[in-house]
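Source file: coords32.pdb; contents: PDB, C-alpha atoms.
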ATOM      1  CA  MET K   1      41.063  11.115  54.060  1.00  0.00           C
ATOM      2  CA  ILE K   2      41.287   8.406  51.426  1.00  0.00           C
ATOM      3  CA  ARG K   3      44.453   8.738  49.392  1.00  0.00           C
ATOM      4  CA  GLU K   4      44.172   8.315  45.648  1.00  0.00           C
ATOM      5  CA  PHE K   5      47.121   7.425  43.458  1.00  0.00           C
ATOM      6  CA  ASP K   6      47.754   6.842  39.774  1.00  0.00           C
ATOM      7  CA  VAL K   7      49.759   4.122  38.059  1.00  0.00           C
ATOM      8  CA  ALA K   8      50.744   5.070  34.506  1.00  0.00           C
ATOM      9  CA  PHE K   9      52.275   3.105  31.648  1.00  0.00           C
ATOM     10  CA  HIS K  10      53.513   4.393  28.295  1.00  0.00           C
ATOM     11  CA  VAL K  11      54.714   2.319  25.350  1.00  0.00           C
ATOM     12  CA  PRO K  12      56.340   4.516  22.681  1.00  0.00           C
ATOM     13  CA  GLY K  13      56.127   3.691  18.989  1.00  0.00           C
ATOM     14  CA  ALA K  14      54.052   1.208  17.032  1.00  0.00           C
ATOM     15  CA  MET K  15      53.210  -2.006  18.862  1.00  0.00           C
ATOM     16  CA  ALA K  16      54.155  -5.197  17.030  1.00  0.00           C
ATOM     17  CA  ALA K  17      52.939  -7.663  19.654  1.00  0.00           C
ATOM     18  CA  ASP K  18      50.501  -7.987  22.526  1.00  0.00           C
ATOM     19  CA  LEU K  19      51.574  -6.722  25.959  1.00  0.00           C
ATOM     20  CA  ASN K  20      51.126  -8.135  29.431  1.00  0.00           C
ATOM     21  CA  ILE K  21      51.652  -5.387  32.024  1.00  0.00           C
ATOM     22  CA  ARG K  22      51.822  -6.390  35.706  1.00  0.00           C
ATOM     23  CA  TRP K  23      51.704  -4.298  38.845  1.00  0.00           C
ATOM     24  CA  ASN K  24      51.612  -5.444  42.500  1.00  0.00           C
ATOM     25  CA  ALA K  25      49.288  -3.564  44.846  1.00  0.00           C
ATOM     26  CA  PRO K  26      51.193  -2.108  47.825  1.00  0.00           C
ATOM     27  CA  ASP K  27      48.009  -1.922  49.962  1.00  0.00           C
ATOM     28  CA  ASP K  28      44.330  -2.821  49.787  1.00  0.00           C
ATOM     29  CA  CYS K  29      42.781  -0.537  47.181  1.00  0.00           C
ATOM     30  CA  GLN K  30      39.977  -0.027  44.694  1.00  0.00           C
ATOM     31  CA  LEU K  31      40.356   0.639  40.981  1.00  0.00           C
ATOM     32  CA  LEU K  32      38.366   3.837  40.392  1.00  0.00           C
ATOM     33  CA  HIS K  33      39.251   4.855  36.872  1.00  0.00           C
ATOM     34  CA  MET K  34      41.012   3.733  33.710  1.00  0.00           C
ATOM     35  CA  SER K  35      42.072   5.983  30.891  1.00  0.00           C
ATOM     36  CA  GLY K  36      43.732   4.549  27.790  1.00  0.00           C
ATOM     37  CA  VAL K  37      44.703   6.030  24.451  1.00  0.00           C
ATOM     38  CA  THR K  38      46.749   5.323  21.338  1.00  0.00           C
ATOM     39  CA  SER K  39      47.986   8.010  18.967  1.00  0.00           C
ATOM     40  CA  ASN K  40      46.407   6.398  15.907  1.00  0.00           C
ATOM     41  CA  ASP K  41      43.091   5.001  14.732  1.00  0.00           C
ATOM     42  CA  ALA K  42      43.798   1.497  16.057  1.00  0.00           C
ATOM     43  CA  ALA K  43      41.857  -1.614  17.047  1.00  0.00           C
ATOM     44  CA  THR K  44      43.803  -1.910  20.332  1.00  0.00           C
ATOM     45  CA  THR K  45      41.900  -3.393  23.287  1.00  0.00           C
ATOM     46  CA  ILE K  46      42.762  -4.024  26.934  1.00  0.00           C
ATOM     47  CA  GLN K  47      41.533  -6.310  29.689  1.00  0.00           C
ATOM     48  CA  ILE K  48      42.231  -5.799  33.383  1.00  0.00           C
ATOM     49  CA  GLY K  49      42.303  -8.743  35.740  1.00  0.00           C
ATOM     50  CA  ASP K  50      44.632 -10.791  37.887  1.00  0.00           C
ATOM     51  CA  GLU K  51      46.990 -13.700  37.278  1.00  0.00           C
ATOM     52  CA  ALA K  52      44.148 -16.236  37.224  1.00  0.00           C
ATOM     53  CA  THR K  53      41.425 -14.353  35.303  1.00  0.00           C
ATOM     54  CA  ALA K  54      42.337 -11.916  32.515  1.00  0.00           C
ATOM     55  CA  ALA K  55      38.994 -10.092  32.479  1.00  0.00           C
ATOM     56  CA  LEU K  56      38.246 -10.229  36.212  1.00  0.00           C
ATOM     57  CA  HIS K  57      37.873  -6.418  36.458  1.00  0.00           C
ATOM     58  CA  LEU K  58      37.398  -5.222  32.872  1.00  0.00           C
ATOM     59  CA  ALA K  59      36.529  -7.270  29.788  1.00  0.00           C
ATOM     60  CA  ALA K  60      38.045  -6.429  26.388  1.00  0.00           C
ATOM     61  CA  TYR K  61      37.727  -2.648  26.050  1.00  0.00           C
ATOM     62  CA  ASP K  62      38.568  -0.585  22.961  1.00  0.00           C
ATOM     63  CA  ILE K  63      41.201   2.106  23.584  1.00  0.00           C
ATOM     64  CA  GLY K  64      42.207   2.852  19.985  1.00  0.00           C
ATOM     65  CA  ALA K  65      41.347   5.990  18.015  1.00  0.00           C
ATOM     66  CA  GLY K  66      41.644   8.603  20.748  1.00  0.00           C
ATOM     67  CA  ALA K  67      41.143   8.771  24.486  1.00  0.00           C
ATOM     68  CA  ASN K  68      38.697   6.287  25.955  1.00  0.00           C
ATOM     69  CA  THR K  69      37.870   6.385  29.620  1.00  0.00           C
ATOM     70  CA  VAL K  70      36.145   3.981  31.961  1.00  0.00           C
ATOM     71  CA  HIS K  71      34.231   5.453  34.890  1.00  0.00           C
ATOM     72  CA  GLU K  72      34.628   9.029  35.864  1.00  0.00           C
ATOM     73  CA  ARG K  73      33.218   9.239  39.373  1.00  0.00           C
ATOM     74  CA  GLY K  74      29.856  10.962  39.483  1.00  0.00           C
ATOM     75  CA  ASP K  75      28.899   9.521  36.090  1.00  0.00           C
ATOM     76  CA  ALA K  76      25.442   7.940  36.250  1.00  0.00           C
ATOM     77  CA  SER K  77      26.710   4.926  34.289  1.00  0.00           C
ATOM     78  CA  ALA K  78      29.852   4.631  36.410  1.00  0.00           C
ATOM     79  CA  PHE K  79      29.741   0.877  36.894  1.00  0.00           C
ATOM     80  CA  THR K  80      28.529  -0.455  33.548  1.00  0.00           C
ATOM     81  CA  ASP K  81      31.937  -1.523  32.182  1.00  0.00           C
ATOM     82  CA  TRP K  82      33.467  -3.030  35.333  1.00  0.00           C
ATOM     83  CA  ALA K  83      32.988  -6.791  35.321  1.00  0.00           C
ATOM     84  CA  THR K  84      31.531  -6.930  38.835  1.00  0.00           C
ATOM     85  CA  GLY K  85      29.255  -3.897  38.439  1.00  0.00           C
ATOM     86  CA  GLN K  86      31.252  -1.967  41.036  1.00  0.00           C
ATOM     87  CA  TYR K  87      34.740  -0.561  41.501  1.00  0.00           C
ATOM     88  CA  PRO K  88      37.134  -3.525  41.496  1.00  0.00           C
ATOM     89  CA  ARG K  89      38.665  -4.382  44.866  1.00  0.00           C
ATOM     90  CA  ILE K  90      42.387  -5.218  44.887  1.00  0.00           C
ATOM     91  CA  GLN K  91      43.991  -6.842  47.936  1.00  0.00           C
ATOM     92  CA  ASP K  92      47.413  -5.949  49.353  1.00  0.00           C
ATOM     93  CA  GLY K  93      50.024  -7.846  47.325  1.00  0.00           C
ATOM     94  CA  ASP K  94      47.665  -8.876  44.507  1.00  0.00           C
ATOM     95  CA  THR K  95      49.014  -8.626  40.982  1.00  0.00           C
ATOM     96  CA  VAL K  96      46.976  -6.472  38.627  1.00  0.00           C
ATOM     97  CA  VAL K  97      47.400  -7.693  35.046  1.00  0.00           C
ATOM     98  CA  VAL K  98      46.658  -5.422  32.087  1.00  0.00           C
ATOM     99  CA  ALA K  99      46.486  -7.471  28.885  1.00  0.00           C
ATOM    100  CA  VAL K 100      46.884  -5.314  25.765  1.00  0.00           C
ATOM    101  CA  ASP K 101      45.810  -6.753  22.407  1.00  0.00           C
ATOM    102  CA  HIS K 102      47.834  -4.521  20.111  1.00  0.00           C
ATOM    103  CA  ASP K 103      45.643  -5.048  17.039  1.00  0.00           C
ATOM    104  CA  GLY K 104      42.290  -6.158  18.456  1.00  0.00           C
ATOM    105  CA  ASP K 105      42.243  -9.564  16.737  1.00  0.00           C
ATOM    106  CA  GLY K 106      43.742  -8.565  13.408  1.00  0.00           C
ATOM    107  CA  GLY K 107      42.915  -4.876  13.039  1.00  0.00           C
ATOM    108  CA  THR K 108      45.289  -1.912  12.994  1.00  0.00           C
ATOM    109  CA  SER K 109      48.065  -2.018  15.613  1.00  0.00           C
ATOM    110  CA  GLY K 110      48.147   0.737  18.179  1.00  0.00           C
ATOM    111  CA  ALA K 111      50.983   3.228  18.539  1.00  0.00           C
ATOM    112  CA  ASP K 112      52.192   5.323  21.487  1.00  0.00           C
ATOM    113  CA  LEU K 113      49.960   3.625  24.051  1.00  0.00           C
ATOM    114  CA  THR K 114      49.356   5.515  27.279  1.00  0.00           C
ATOM    115  CA  LEU K 115      47.365   3.943  30.100  1.00  0.00           C
ATOM    116  CA  VAL K 116      46.538   5.434  33.511  1.00  0.00           C
ATOM    117  CA  LEU K 117      44.889   3.520  36.342  1.00  0.00           C
ATOM    118  CA  ARG K 118      43.573   5.482  39.357  1.00  0.00           C
ATOM    119  CA  PHE K 119      43.251   3.714  42.690  1.00  0.00           C
ATOM    120  CA  ALA K 120      42.019   4.658  46.160  1.00  0.00           C
ATOM    121  CA  GLU K 121      43.689   3.137  49.219  1.00  0.00           C
ATOM    122  CA  GLY K 122      41.562   1.154  51.585  1.00  0.00           C
TER     123      GLY K 122
END
How does the structure come out when it is put into structure tokens?
Amino acid sequence: MIREFDVAFHVPGAMAADLNIRWNAPDDCQLLHMSGVTSNDAATTIQIGDEATAALHLAAYDIGAGANTVHERGDASAFTDWATGQYPRIQDGDTVVVAVDHDGDGGTSGADLTLVLRFAEG
């Protein structure tokens, strides 16, 4: 059985600057799902990549103004937002970098950011 696991981040309060969140993969895995939300009608965007390429897995994606989700499995359009057209592959020890633009290039800053990444081992 393939084990799935979630990695969650929460930033309480109003964001005043961009964020750079890093996480090291403990095993080979695939990024299956991303869910991001702010508590306000914000222009907040995220990118998911690695240390060399900020948008390697997901280009700038709007997560302001309520829950926005990338790729529920079983969705016919499941791969349209991932940069490679398929679930991103992460190698053991790779650093996953989530770049958060708190105000989406000059818009309203996000508040109470919550981000969940779901991975499958293997």
| field | Exercise: region 99-103 of chain K partners within 7 Å, all atoms listed in the file, chain neighbours under 6 positions left out, as a VMD selection string | value | chain K and resid 15 17 to 21 42 to 48 109 to 110
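Residue nearest Pro26 (chain K) within the list K:Tyr61, K:Val7, K:Thr108, K:Asp50: K:Val7 [criterion: smallest interatomic distance, all atoms listed in the file].
Protein, DNA and RNA residues at most 12 Å from (33.8, -8.5, 42.7), with all atoms listed in the file, are these: Gln30, Leu31, Gly49, Ala55, Leu56, His57, Leu58, Phe79, Trp82, Ala83, Thr84, Gly85, Gln86, Tyr87, Pro88, Arg89, Ile90 and Gln91 of chain K.
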Please produce a file of those selected residues containing C-alpha atoms, as a PDB file, in the frame of the given file.
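Done, and the output landed in selection_27.pdb:
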ATOM      1  CA  GLN K  30      39.977  -0.027  44.694  1.00  0.00           C
ATOM      2  CA  LEU K  31      40.356   0.639  40.981  1.00  0.00           C
ATOM      3  CA  GLY K  49      42.303  -8.743  35.740  1.00  0.00           C
ATOM      4  CA  ALA K  55      38.994 -10.092  32.479  1.00  0.00           C
ATOM      5  CA  LEU K  56      38.246 -10.229  36.212  1.00  0.00           C
ATOM      6  CA  HIS K  57      37.873  -6.418  36.458  1.00  0.00           C
ATOM      7  CA  LEU K  58      37.398  -5.222  32.872  1.00  0.00           C
ATOM      8  CA  PHE K  79      29.741   0.877  36.894  1.00  0.00           C
ATOM      9  CA  TRP K  82      33.467  -3.030  35.333  1.00  0.00           C
ATOM     10  CA  ALA K  83      32.988  -6.791  35.321  1.00  0.00           C
ATOM     11  CA  THR K  84      31.531  -6.930  38.835  1.00  0.00           C
ATOM     12  CA  GLY K  85      29.255  -3.897  38.439  1.00  0.00           C
ATOM     13  CA  GLN K  86      31.252  -1.967  41.036  1.00  0.00           C
ATOM     14  CA  TYR K  87      34.740  -0.561  41.501  1.00  0.00           C
ATOM     15  CA  PRO K  88      37.134  -3.525  41.496  1.00  0.00           C
ATOM     16  CA  ARG K  89      38.665  -4.382  44.866  1.00  0.00           C
ATOM     17  CA  ILE K  90      42.387  -5.218  44.887  1.00  0.00           C
ATOM     18  CA  GLN K  91      43.991  -6.842  47.936  1.00  0.00           C
TER      19      GLN K  91
END
| request: Extract, using all atoms listed in the file, all DNA, RNA and protein residues at most 9 Å from Asn24 (chain K), discarding same-chain residues fewer than 5 positions from it, and format them as a list in words. | output: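 Near Asn24 (chain K), the qualifying residues are Asp92, Gly93, Asp94, Thr95, Val96 and Val97 of chain K.
If you look at CA of Leu32 (chain K) and CA of Arg118 (chain K), they are 5.6 Å away from each other.
If only C-alpha atoms are the atoms counted, then among K:Leu113, K:Ile2, K:Ala54, K:Val11 the closest residue to Asp28 (chain K) is K:Ile2.
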With 6 Å added on each side, what axis-aligned box encloses every listed atom of region 7-18 of chain K? Give the centre and edge lengths in Å to one decimal, as AutoDock Vina command-line options.
--center_x 53.0 --center_y -1.5 --center_z 27.5 --size_x 18.6 --size_y 25.1 --size_z 33.0
| Reference answer for the PyMOL selection byres ((chain K and resi 114) around 6), as a PyMOL selection string | chain K and resi 9-10+36-37+113+115
Output the selection as a PDB file, in the coordinates of the input - C-alpha atoms for each residue.
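Dumped to part17.pdb:
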ATOM      1  CA  PHE K   9      52.275   3.105  31.648  1.00  0.00           C
ATOM      2  CA  HIS K  10      53.513   4.393  28.295  1.00  0.00           C
ATOM      3  CA  GLY K  36      43.732   4.549  27.790  1.00  0.00           C
ATOM      4  CA  VAL K  37      44.703   6.030  24.451  1.00  0.00           C
ATOM      5  CA  LEU K 113      49.960   3.625  24.051  1.00  0.00           C
ATOM      6  CA  LEU K 115      47.365   3.943  30.100  1.00  0.00           C
TER       7      LEU K 115
END
| Exactly which residues make up the result of the PyMOL selection byres ((chain K and resi 4) around 9) on this file, given as a ChimeraX atom specification? | /K:2-3,5-6,118-121
File of the preceding selection, C-alpha atoms, as a PDB file, keeping the file's coordinate frame:
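To be explicit, this is the file written out as result.pdb:
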ATOM      1  CA  ILE K   2      41.287   8.406  51.426  1.00  0.00           C
ATOM      2  CA  ARG K   3      44.453   8.738  49.392  1.00  0.00           C
ATOM      3  CA  PHE K   5      47.121   7.425  43.458  1.00  0.00           C
ATOM      4  CA  ASP K   6      47.754   6.842  39.774  1.00  0.00           C
ATOM      5  CA  ARG K 118      43.573   5.482  39.357  1.00  0.00           C
ATOM      6  CA  PHE K 119      43.251   3.714  42.690  1.00  0.00           C
ATOM      7  CA  ALA K 120      42.019   4.658  46.160  1.00  0.00           C
ATOM      8  CA  GLU K 121      43.689   3.137  49.219  1.00  0.00           C
TER       9      GLU K 121
END
| Between K:Leu117, K:Gly104, K:Ser39, K:Asp62, which has the minimum distance to Ala14 (chain K) (counting only C-alpha atoms)? | K:Ser39
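Residue nearest Asn40 (chain K) within the list K:Gly107, K:Pro12, K:Gly64, K:Gly122: K:Gly64 [criterion: smallest interatomic distance, all atoms listed in the file].
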| What does the distance from CA of Ala111 (chain K) to CA of Ala52 (chain K) come to in Å, to one decimal? |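 Computing the Euclidean distance for CA of Ala111 (chain K) and CA of Ala52 (chain K) yields 27.8 Å.
Going from CA of Asp105 (chain K) over to CA of Trp23 (chain K), you cover 24.6 Å.
Comparing K:Ile63, K:Gly13, K:Val98, K:Ala8 by their smallest distance to Thr38 (chain K), the closest is K:Ile63 (using all atoms listed in the file).
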Since the input lacks atoms, please generate N, CA and C atoms for region 87-111 of chain K and provide them as a PDB file, in the coordinates of the input.
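Heads up, here's the output in part-v6.pdb:
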ATOM      1  N   TYR K  87      33.301  -0.784  41.589  1.00  0.00           N
ATOM      2  CA  TYR K  87      34.740  -0.561  41.501  1.00  0.00           C
ATOM      3  C   TYR K  87      35.479  -1.820  41.946  1.00  0.00           C
ATOM      4  N   PRO K  88      36.398  -2.308  41.134  1.00  0.00           N
ATOM      5  CA  PRO K  88      37.134  -3.525  41.496  1.00  0.00           C
ATOM      6  C   PRO K  88      37.957  -3.347  42.768  1.00  0.00           C
ATOM      7  N   ARG K  89      37.932  -4.360  43.598  1.00  0.00           N
ATOM      8  CA  ARG K  89      38.665  -4.382  44.866  1.00  0.00           C
ATOM      9  C   ARG K  89      39.944  -5.181  44.661  1.00  0.00           C
ATOM     10  N   ILE K  90      41.079  -4.586  45.028  1.00  0.00           N
ATOM     11  CA  ILE K  90      42.387  -5.218  44.887  1.00  0.00           C
ATOM     12  C   ILE K  90      42.971  -5.384  46.292  1.00  0.00           C
ATOM     13  N   GLN K  91      43.429  -6.578  46.608  1.00  0.00           N
ATOM     14  CA  GLN K  91      43.991  -6.842  47.936  1.00  0.00           C
ATOM     15  C   GLN K  91      45.490  -6.539  47.963  1.00  0.00           C
ATOM     16  N   ASP K  92      45.984  -6.200  49.128  1.00  0.00           N
ATOM     17  CA  ASP K  92      47.413  -5.949  49.353  1.00  0.00           C
ATOM     18  C   ASP K  92      48.225  -7.115  48.794  1.00  0.00           C
ATOM     19  N   GLY K  93      49.156  -6.816  47.889  1.00  0.00           N
ATOM     20  CA  GLY K  93      50.024  -7.846  47.325  1.00  0.00           C
ATOM     21  C   GLY K  93      49.495  -8.517  46.075  1.00  0.00           C
ATOM     22  N   ASP K  94      48.213  -8.292  45.735  1.00  0.00           N
ATOM     23  CA  ASP K  94      47.665  -8.876  44.507  1.00  0.00           C
ATOM     24  C   ASP K  94      48.359  -8.293  43.283  1.00  0.00           C
ATOM     25  N   THR K  95      48.449  -9.089  42.244  1.00  0.00           N
ATOM     26  CA  THR K  95      49.014  -8.626  40.982  1.00  0.00           C
ATOM     27  C   THR K  95      47.883  -8.217  40.053  1.00  0.00           C
ATOM     28  N   VAL K  96      47.918  -6.974  39.616  1.00  0.00           N
ATOM     29  CA  VAL K  96      46.976  -6.472  38.627  1.00  0.00           C
ATOM     30  C   VAL K  96      47.619  -6.725  37.261  1.00  0.00           C
ATOM     31  N   VAL K  97      46.877  -7.373  36.370  1.00  0.00           N
ATOM     32  CA  VAL K  97      47.400  -7.693  35.046  1.00  0.00           C
ATOM     33  C   VAL K  97      46.579  -6.931  34.002  1.00  0.00           C
ATOM     34  N   VAL K  98      47.280  -6.133  33.197  1.00  0.00           N
ATOM     35  CA  VAL K  98      46.658  -5.422  32.087  1.00  0.00           C
ATOM     36  C   VAL K  98      47.113  -6.117  30.806  1.00  0.00           C
ATOM     37  N   ALA K  99      46.182  -6.771  30.136  1.00  0.00           N
ATOM     38  CA  ALA K  99      46.486  -7.471  28.885  1.00  0.00           C
ATOM     39  C   ALA K  99      46.113  -6.542  27.727  1.00  0.00           C
ATOM     40  N   VAL K 100      47.098  -6.207  26.902  1.00  0.00           N
ATOM     41  CA  VAL K 100      46.884  -5.314  25.765  1.00  0.00           C
ATOM     42  C   VAL K 100      46.942  -6.137  24.478  1.00  0.00           C
ATOM     43  N   ASP K 101      45.840  -6.132  23.729  1.00  0.00           N
ATOM     44  CA  ASP K 101      45.810  -6.753  22.407  1.00  0.00           C
ATOM     45  C   ASP K 101      46.125  -5.634  21.419  1.00  0.00           C
ATOM     46  N   HIS K 102      47.338  -5.649  20.890  1.00  0.00           N
ATOM     47  CA  HIS K 102      47.834  -4.521  20.111  1.00  0.00           C
ATOM     48  C   HIS K 102      47.037  -4.238  18.845  1.00  0.00           C
ATOM     49  N   ASP K 103      46.377  -5.251  18.292  1.00  0.00           N
ATOM     50  CA  ASP K 103      45.643  -5.048  17.039  1.00  0.00           C
ATOM     51  C   ASP K 103      44.191  -5.532  17.105  1.00  0.00           C
ATOM     52  N   GLY K 104      43.688  -5.768  18.296  1.00  0.00           N
ATOM     53  CA  GLY K 104      42.290  -6.158  18.456  1.00  0.00           C
ATOM     54  C   GLY K 104      41.849  -7.284  17.544  1.00  0.00           C
ATOM     55  N   ASP K 105      42.564  -8.388  17.553  1.00  0.00           N
ATOM     56  CA  ASP K 105      42.243  -9.564  16.737  1.00  0.00           C
ATOM     57  C   ASP K 105      42.353  -9.300  15.235  1.00  0.00           C
ATOM     58  N   GLY K 106      43.454  -8.696  14.830  1.00  0.00           N
ATOM     59  CA  GLY K 106      43.742  -8.565  13.408  1.00  0.00           C
ATOM     60  C   GLY K 106      43.476  -7.216  12.787  1.00  0.00           C
ATOM     61  N   GLY K 107      43.137  -6.225  13.576  1.00  0.00           N
ATOM     62  CA  GLY K 107      42.915  -4.876  13.039  1.00  0.00           C
ATOM     63  C   GLY K 107      44.224  -4.102  12.985  1.00  0.00           C
ATOM     64  N   THR K 108      44.121  -2.788  13.021  1.00  0.00           N
ATOM     65  CA  THR K 108      45.289  -1.912  12.994  1.00  0.00           C
ATOM     66  C   THR K 108      45.968  -1.888  14.354  1.00  0.00           C
ATOM     67  N   SER K 109      47.294  -2.047  14.367  1.00  0.00           N
ATOM     68  CA  SER K 109      48.065  -2.018  15.613  1.00  0.00           C
ATOM     69  C   SER K 109      48.122  -0.615  16.190  1.00  0.00           C
ATOM     70  N   GLY K 110      48.062  -0.542  17.502  1.00  0.00           N
ATOM     71  CA  GLY K 110      48.147   0.737  18.179  1.00  0.00           C
ATOM     72  C   GLY K 110      49.571   1.267  18.218  1.00  0.00           C
ATOM     73  N   ALA K 111      49.685   2.570  18.399  1.00  0.00           N
ATOM     74  CA  ALA K 111      50.983   3.228  18.539  1.00  0.00           C
ATOM     75  C   ALA K 111      50.924   4.194  19.720  1.00  0.00           C
TER      76      ALA K 111
END
